[in-house]
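A.B. asks: work.cif is reproduced in full below (mmCIF, C-alpha atoms).
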```
data_my_file
loop_
_atom_site.label_atom_id
_atom_site.label_comp_id
_atom_site.auth_asym_id
_atom_site.auth_seq_id
_atom_site.Cartn_x
_atom_site.Cartn_y
_atom_site.Cartn_z
CA MET U 20 2.59 1.98 22.39
CA ALA U 21 2.19 4.65 19.72
CA GLN U 22 3.64 8.03 20.67
CA LEU U 23 1.66 11.19 19.99
CA THR U 24 4.94 13.10 19.75
CA ALA U 25 5.94 10.79 16.86
CA ARG U 26 2.62 11.18 15.03
CA ARG U 27 3.22 11.16 11.27
CA PRO U 28 2.32 14.47 9.57
CA GLU U 29 0.57 12.49 6.81
CA ASN U 30 -2.27 11.61 9.22
CA VAL U 31 -5.44 13.68 8.90
CA GLU U 32 -6.43 15.53 12.05
CA GLY U 33 -8.41 13.59 14.62
CA ASP U 34 -8.26 11.00 17.38
CA ILE U 35 -6.64 8.04 15.62
CA PHE U 36 -3.10 8.30 14.26
CA VAL U 37 -0.10 6.27 13.08
CA ASP U 38 3.36 7.11 14.39
CA THR U 39 6.79 6.82 12.79
CA SER U 40 7.45 3.29 14.14
CA CYS U 41 5.25 1.86 11.33
CA ILE U 42 6.97 -0.94 9.35
CA ASP U 43 4.62 -0.78 6.33
CA CYS U 44 3.27 -4.29 6.93
CA ASP U 45 -0.13 -3.40 5.38
CA THR U 46 -2.16 -4.89 8.27
CA CYS U 47 -4.20 -1.79 9.11
CA ARG U 48 -4.81 -0.92 5.46
CA TRP U 49 -6.63 -4.16 4.65
CA MET U 50 -8.30 -4.49 8.04
CA ALA U 51 -9.71 -0.95 8.04
CA PRO U 52 -9.34 0.54 4.54
CA ASP U 53 -11.86 3.29 5.26
CA THR U 54 -9.43 4.70 7.84
CA PHE U 55 -5.89 3.78 6.80
CA SER U 56 -3.91 4.12 3.57
CA ARG U 57 -0.27 4.15 2.48
CA GLU U 58 1.43 7.52 2.46
CA GLY U 59 5.16 7.84 1.90
CA ASP U 60 6.13 4.19 2.48
CA MET U 61 4.20 3.95 5.75
CA SER U 62 0.59 3.78 6.82
CA ALA U 63 -1.37 6.84 7.86
CA VAL U 64 -4.96 7.80 8.70
CA HIS U 65 -6.52 9.20 5.56
CA HIS U 66 -10.04 9.46 6.97
CA GLN U 67 -11.16 9.49 10.61
CA PRO U 68 -13.95 6.97 11.32
CA GLN U 69 -17.42 8.45 10.86
CA THR U 70 -19.53 5.48 12.01
CA GLN U 71 -19.37 3.08 14.94
CA GLU U 72 -18.55 0.23 12.57
CA GLN U 73 -15.62 2.15 11.09
CA ARG U 74 -14.43 3.02 14.59
CA ILE U 75 -14.45 -0.62 15.72
CA GLN U 76 -12.67 -1.73 12.53
CA ALA U 77 -9.96 0.89 13.16
CA LEU U 78 -9.55 -0.26 16.77
CA LYS U 79 -9.27 -3.89 15.65
CA ALA U 80 -6.46 -2.74 13.37
CA LEU U 81 -4.90 -0.91 16.33
CA LEU U 82 -4.96 -4.14 18.35
CA SER U 83 -3.51 -6.07 15.43
CA CYS U 84 -0.66 -3.70 14.56
CA PRO U 85 2.52 -5.72 15.16
CA THR U 86 4.57 -2.71 16.26
CA ALA U 87 1.86 -0.84 18.24
CA SER U 88 2.27 2.03 15.79
CA ILE U 89 -1.41 3.03 15.89
CA GLY U 90 -2.66 5.19 18.75
CA THR U 91 -5.50 7.41 19.89
CA VAL U 92 -5.33 10.84 21.43
CA ALA U 93 -7.93 9.91 24.05
CA PRO U 94 -8.26 6.45 25.69
CA PRO U 95 -10.62 4.47 23.41
CA LYS U 96 -13.87 3.64 25.22
CA GLU U 97 -14.69 0.91 22.69
CA ILE U 98 -11.46 -1.08 23.04
CA LYS U 99 -13.08 -4.00 24.89
CA GLN U 100 -15.77 -4.20 22.23
CA ALA U 101 -13.04 -4.41 19.58
CA GLN U 102 -11.28 -7.15 21.57
CA THR U 103 -14.43 -9.28 21.61
CA GLN U 104 -14.56 -9.09 17.79
CA LEU U 105 -11.17 -10.75 17.36
CA PRO U 106 -10.92 -13.38 15.97
CA THR U 107 -13.15 -12.11 13.12
CA LEU U 108 -15.20 -14.50 11.01
CA VAL U 109 -14.07 -14.85 7.39
CA ASP U 110 -16.46 -17.62 6.30
CA ASP U 111 -17.80 -20.99 7.43
CA GLY U 112 -15.93 -21.46 10.73
CA VAL U 113 -12.72 -19.78 9.55
CA TYR U 114 -11.55 -16.69 11.44
CA HIS U 115 -8.81 -14.08 11.13
CA CYS U 116 -7.07 -13.89 14.51
CA GLY U 117 -5.71 -10.35 14.41
CA TYR U 118 -2.94 -9.53 16.93
CA HIS U 119 -0.18 -9.77 14.31
CA SER U 120 3.35 -10.27 15.57
CA GLU U 121 6.41 -8.18 14.79
CA LYS U 122 8.40 -11.44 14.92
CA SER U 123 6.75 -12.45 11.63
CA TYR U 124 6.73 -8.92 10.17
CA GLY U 125 3.00 -8.61 10.75
CA ALA U 126 1.87 -11.85 9.10
CA ALA U 127 -1.79 -12.79 9.49
CA SER U 128 -2.81 -15.94 11.31
CA TYR U 129 -6.10 -17.80 11.14
CA PHE U 130 -8.24 -19.98 13.38
CA VAL U 131 -10.40 -22.86 12.13
CA GLN U 132 -13.21 -23.95 14.43
CA ARG U 133 -14.24 -27.57 13.79
CA PRO U 134 -15.86 -30.33 15.91
CA GLU U 135 -12.88 -32.63 15.46
CA GLY U 136 -10.47 -30.09 16.92
CA ASN U 137 -9.60 -26.46 16.25
CA ILE U 138 -6.57 -25.35 14.24
CA LEU U 139 -4.45 -22.26 14.72
CA ILE U 140 -2.71 -21.47 11.44
CA ASP U 141 0.59 -19.67 11.90
CA SER U 142 1.22 -17.94 15.18
CA PRO U 143 -0.25 -14.59 16.14
CA ARG U 144 1.08 -12.52 19.00
CA PHE U 145 0.40 -14.19 22.37
CA SER U 146 -2.03 -11.63 23.78
CA PRO U 147 -4.29 -12.31 26.80
CA PRO U 148 -7.50 -10.98 25.14
CA LEU U 149 -6.93 -13.22 22.11
CA VAL U 150 -6.08 -16.24 24.26
CA LYS U 151 -9.29 -15.71 26.24
CA GLN U 152 -11.32 -15.64 23.04
CA LEU U 153 -9.64 -18.80 21.71
CA GLU U 154 -10.38 -20.56 25.00
CA ALA U 155 -14.06 -19.60 24.69
CA MET U 156 -14.09 -20.97 21.14
CA GLY U 157 -12.86 -24.39 22.25
CA GLY U 158 -9.10 -24.03 22.48
CA VAL U 159 -6.45 -25.25 20.04
CA LYS U 160 -5.74 -28.86 19.00
CA TYR U 161 -3.32 -28.20 16.15
CA LEU U 162 -0.90 -25.33 15.61
CA TYR U 163 0.02 -25.57 11.95
CA LEU U 164 3.01 -23.51 10.78
CA THR U 165 3.26 -22.85 7.05
CA HIS U 166 7.00 -22.11 7.16
CA ARG U 167 9.91 -20.94 9.26
CA ASP U 168 9.17 -17.19 9.09
CA ASP U 169 5.76 -17.02 10.74
CA VAL U 170 6.18 -19.11 13.89
CA ALA U 171 6.16 -16.04 16.24
CA ASP U 172 4.89 -17.10 19.71
CA HIS U 173 4.25 -20.76 18.86
CA ALA U 174 5.93 -21.97 22.06
CA LYS U 175 3.73 -19.79 24.29
CA PHE U 176 0.57 -21.02 22.58
CA HIS U 177 1.78 -24.59 22.91
CA ASP U 178 2.55 -24.26 26.60
CA HIS U 179 -0.80 -22.61 27.29
CA PHE U 180 -3.07 -24.97 25.34
CA ASP U 181 -1.16 -28.23 25.83
CA CYS U 182 -3.33 -30.07 28.37
CA ASP U 183 -1.08 -33.07 28.91
CA SER U 184 1.89 -34.08 26.80
CA ALA U 185 0.96 -37.74 27.32
CA SER U 186 -2.69 -37.21 26.46
CA ALA U 187 -4.57 -37.49 23.17
CA ASP U 188 -5.73 -33.94 23.90
CA SER U 189 -2.21 -32.48 23.80
CA LEU U 190 -1.57 -29.69 21.32
CA VAL U 191 0.33 -30.74 18.19
CA ARG U 192 2.51 -28.26 16.31
CA ILE U 193 3.13 -29.05 12.63
CA LEU U 194 6.03 -27.84 10.48
CA HIS U 195 8.02 -29.32 7.59
CA THR U 196 11.41 -30.65 8.63
CA ASP U 197 13.19 -28.55 5.98
CA ASP U 198 12.05 -25.41 7.80
CA ILE U 199 12.95 -26.52 11.33
CA THR U 200 15.23 -24.10 13.17
CA ALA U 201 16.64 -24.00 16.68
CA ASP U 202 13.44 -22.27 17.83
CA THR U 203 11.16 -25.00 16.42
CA GLN U 204 13.11 -28.17 17.22
CA ALA U 205 10.40 -29.23 19.67
CA VAL U 206 7.45 -29.24 17.25
CA GLU U 207 5.50 -32.45 17.62
CA LEU U 208 4.82 -33.33 13.95
CA LYS U 209 7.68 -32.79 11.49
CA LEU U 210 6.53 -33.29 7.90
CA GLN U 211 8.92 -34.84 5.39
CA GLY U 212 9.19 -35.14 1.63
CA GLN U 213 7.09 -33.61 -1.13
CA GLU U 214 3.94 -35.71 -1.01
CA PRO U 215 0.69 -34.22 0.34
CA TYR U 216 -0.05 -35.12 3.97
CA GLN U 217 -3.62 -36.00 4.97
CA LEU U 218 -3.97 -34.68 8.50
CA ALA U 219 -7.71 -35.42 8.57
CA PRO U 220 -10.39 -36.21 5.96
CA ASP U 221 -11.06 -32.48 5.57
CA ILE U 222 -7.43 -31.28 5.86
CA THR U 223 -4.61 -31.74 3.34
CA ILE U 224 -1.15 -30.24 3.79
CA ILE U 225 0.64 -29.64 0.48
CA PRO U 226 4.40 -29.03 0.21
CA VAL U 227 5.12 -25.93 -1.90
CA PRO U 228 8.89 -25.26 -1.79
CA GLY U 229 9.95 -21.90 -3.14
CA HIS U 230 9.67 -19.06 -0.66
CA SER U 231 11.44 -21.42 1.72
CA LYS U 232 12.57 -25.00 1.22
CA GLY U 233 10.03 -26.45 3.64
CA HIS U 234 7.05 -24.19 2.92
CA THR U 235 3.66 -25.95 2.93
CA VAL U 236 0.06 -24.82 2.50
CA LEU U 237 -3.07 -26.19 4.15
CA LEU U 238 -6.27 -27.01 2.25
CA TYR U 239 -9.41 -27.19 4.39
CA GLN U 240 -12.70 -28.64 3.10
CA ASN U 241 -11.53 -28.13 -0.51
CA LYS U 242 -12.55 -24.51 0.03
CA PHE U 243 -9.93 -22.66 2.06
CA LEU U 244 -6.25 -22.58 1.12
CA PHE U 245 -3.99 -21.12 3.81
CA THR U 246 -0.93 -20.03 1.86
CA GLY U 247 1.53 -18.39 4.26
CA ASP U 248 4.07 -16.52 2.10
CA HIS U 249 3.55 -18.70 -0.98
CA LEU U 250 0.63 -17.00 -2.74
CA ALA U 251 -1.59 -13.95 -2.22
CA TRP U 252 -3.70 -11.43 -4.07
CA SER U 253 -1.83 -8.37 -5.33
CA VAL U 254 -3.90 -5.18 -5.35
CA HIS U 255 -1.29 -3.48 -7.51
CA LEU U 256 -1.15 -6.25 -10.14
CA GLY U 257 -4.79 -7.27 -9.94
CA HIS U 258 -4.10 -10.99 -9.79
CA LEU U 259 -2.63 -13.75 -7.61
CA HIS U 260 1.05 -13.19 -6.96
CA GLY U 261 4.02 -15.25 -5.70
CA PHE U 262 6.30 -12.49 -4.31
CA ARG U 263 9.41 -13.12 -6.39
CA ARG U 264 11.30 -10.36 -4.55
CA PHE U 265 10.85 -12.29 -1.32
CA CYS U 266 11.56 -15.80 -2.61
CA TRP U 267 14.42 -16.93 -0.38
CA TYR U 268 14.90 -20.52 -1.61
CA SER U 269 14.08 -21.05 -5.31
CA TRP U 270 11.83 -19.17 -7.74
CA THR U 271 11.97 -22.14 -10.15
CA GLU U 272 10.65 -24.41 -7.42
CA GLN U 273 8.01 -21.87 -6.46
CA ILE U 274 6.64 -21.80 -10.03
CA LYS U 275 6.43 -25.60 -9.97
CA SER U 276 4.66 -25.41 -6.61
CA MET U 277 2.09 -22.93 -7.91
CA LYS U 278 1.37 -25.20 -10.88
CA ARG U 279 0.84 -28.06 -8.45
CA LEU U 280 -2.03 -26.16 -6.84
CA THR U 281 -4.04 -26.34 -10.08
CA ASP U 282 -4.72 -29.99 -9.16
CA TYR U 283 -6.83 -28.85 -6.19
CA SER U 284 -10.17 -27.12 -5.77
CA PHE U 285 -10.55 -24.15 -3.46
CA GLU U 286 -12.38 -20.82 -3.27
CA TRP U 287 -10.31 -18.85 -0.77
CA VAL U 288 -6.64 -17.86 -0.71
CA LEU U 289 -5.83 -16.83 2.88
CA PRO U 290 -2.19 -15.66 3.06
CA GLY U 291 0.12 -14.57 5.83
CA HIS U 292 1.30 -11.57 3.81
CA GLY U 293 -0.57 -9.91 0.98
CA ARG U 294 -4.32 -9.75 0.54
CA ARG U 295 -6.76 -12.62 0.84
CA PHE U 296 -8.89 -13.48 -2.18
CA HIS U 297 -12.16 -15.28 -2.90
CA SER U 298 -13.22 -16.61 -6.29
CA GLN U 299 -15.44 -19.34 -7.68
CA SER U 300 -12.97 -19.62 -10.60
CA MET U 301 -9.70 -20.10 -8.75
CA ALA U 302 -8.23 -22.45 -11.37
CA ALA U 303 -8.47 -19.69 -13.97
CA GLU U 304 -6.96 -17.18 -11.53
CA LEU U 305 -3.95 -19.44 -11.00
CA GLN U 306 -3.23 -19.38 -14.74
CA THR U 307 -2.84 -15.57 -14.87
#
```
Using the file provided, produce a representation of the structure as structure tokens.

C.D. replies:
Amino acid sequence: MAQLTARRPENVEGDIFVDTSCIDCDTCRWMAPDTFSREGDMSAVHHQPQTQEQRIQALKALLSCPTASIGTVAPPKEIKQAQTQLPTLVDDGVYHCGYHSEKSYGAASYFVQRPEGNILIDSPRFSPPLVKQLEAMGGVKYLYLTHRDDVADHAKFHDHFDCDSASADSLVRILHTDDITADTQAVELKLQGQEPYQLAPDITIIPVPGHSKGHTVLLYQNKFLFTGDHLAWSVHLGHLHGFRRFCWYSWTEQIKSMKRLTDYSFEWVLPGHGRRFHSQSMAAELQT
């Protein structure tokens, strides 16, 4: 819980504030840019919400802050309204979950609602309001993990949504074998090799080693590419970016992996870290 006594002096006066426990994960700044900005290597409130929409967006960011570094002076009356708006629709049955986890340094996770079975992409924080919303949206059939860093509360989600381990309705976690750790030994589907894996007619999982040895990305409906820590939009650079500073396995392999994506069609890049991006000319964007 954010502490008023630790309120950063960079915040403008008003009800909402960021305290000194901020880890500069960027979550609040892209979720509610009208309210939050970066000041001195941490987030701060640069403008108090002036409309109800801005207020709800700020409270959704508060709920999603992985370190609970955002607070309000007075108890927020609209908090339940903000809870009902997470997950938030991105486009065409794809939702941003919110409730980022400190275990994955605030990485975003996504939820895909589809008649053949819903997919949770990377693990958010296991929070009762989010779980309730996911239940109302049809539950989770697959929990796809892009790589070893963003698994967060995968076990809790598995235990909650796994109806029967012997049933066709049991929840299946998916992770490449090269990124298996002691915490993820029990995942149900361990991908192998470097060939694309067709999970369903509308879902292709593509190995993209680089950031980690077993990193993969998921392509849904040839429209949405869920990229984990492989690829994101850089506001600073103004183009898609591969995070060379945070490439833990091989930058040479990561370049090869990015080139491999030019063989596919998609309109959305939905990352764990960095900013999401939409373009009708994604092939050209990948060349920059």

A.B. asks: Which residues of range 225-289 of chain U come within 10 Å of range 140-151 of chain U, and what is each one's closest atom pair and distance in Å (one decimal), counting all atoms listed in the file, sorted by chain and residue number, as a tab-separated table?

C.D. replies:
```
residue	atom	partner	partner_atom	distance
U:Val236	CA	U:Ile140	CA	9.9
U:Leu237	CA	U:Ile140	CA	8.7
U:Phe245	CA	U:Ile140	CA	7.7
U:Thr246	CA	U:Ile140	CA	9.8
U:Gly247	CA	U:Asp141	CA	7.8
```

A.B. asks: Name all residues at most 7 Å from Asp34 in chain U (count only C-alpha atoms; drop same-chain ones fewer than 6 positions away) and give them as a list in words.

C.D. replies: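 Non-adjacent residues within range: Thr91, Val92 and Ala93 of chain U.
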
A.B. asks: Please expand the PyMOL selection byres ((chain U and resi 107-118) around 9) into the concrete residues it hits in this file, giving the result as a list in words.

C.D. replies: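 Listing what the PyMOL selection byres ((chain U and resi 107-118) around 9) selects in the shown file: Thr46, Lys79, Ala80, Leu81, Leu82, Ser83, Cys84, Pro85, Gln104, Leu105, Pro106, His119, Ser120, Gly125, Ala127, Ser128, Tyr129, Phe130, Val131, Gln132, Arg133, Leu139, Pro143, Arg144, Phe145, Ser146, Leu149 and Phe243 of chain U.
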
A.B. asks: List every protein, DNA or RNA residue with an atom no more than 8 Å from (1.6, -29.0, 8.9) in the file's coordinates, counting all atoms listed in the file, and format the result as a list of chain:residue names.

C.D. replies: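 Neighbouring residues, ordered by chain and number, come to U:Tyr163, U:Leu164, U:Thr165, U:Arg192, U:Ile193, U:Leu194, U:His195, U:Leu208, U:Lys209, U:Leu210, U:Leu218, U:Ile224, U:Thr235, U:Val236, U:Leu237.
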
A.B. asks: As an exercise, work out the distance from CA of Pro134 in chain U to CA of Asp172 in chain U in Å and give it to one decimal place.

C.D. replies: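 The value is 24.9 Å.
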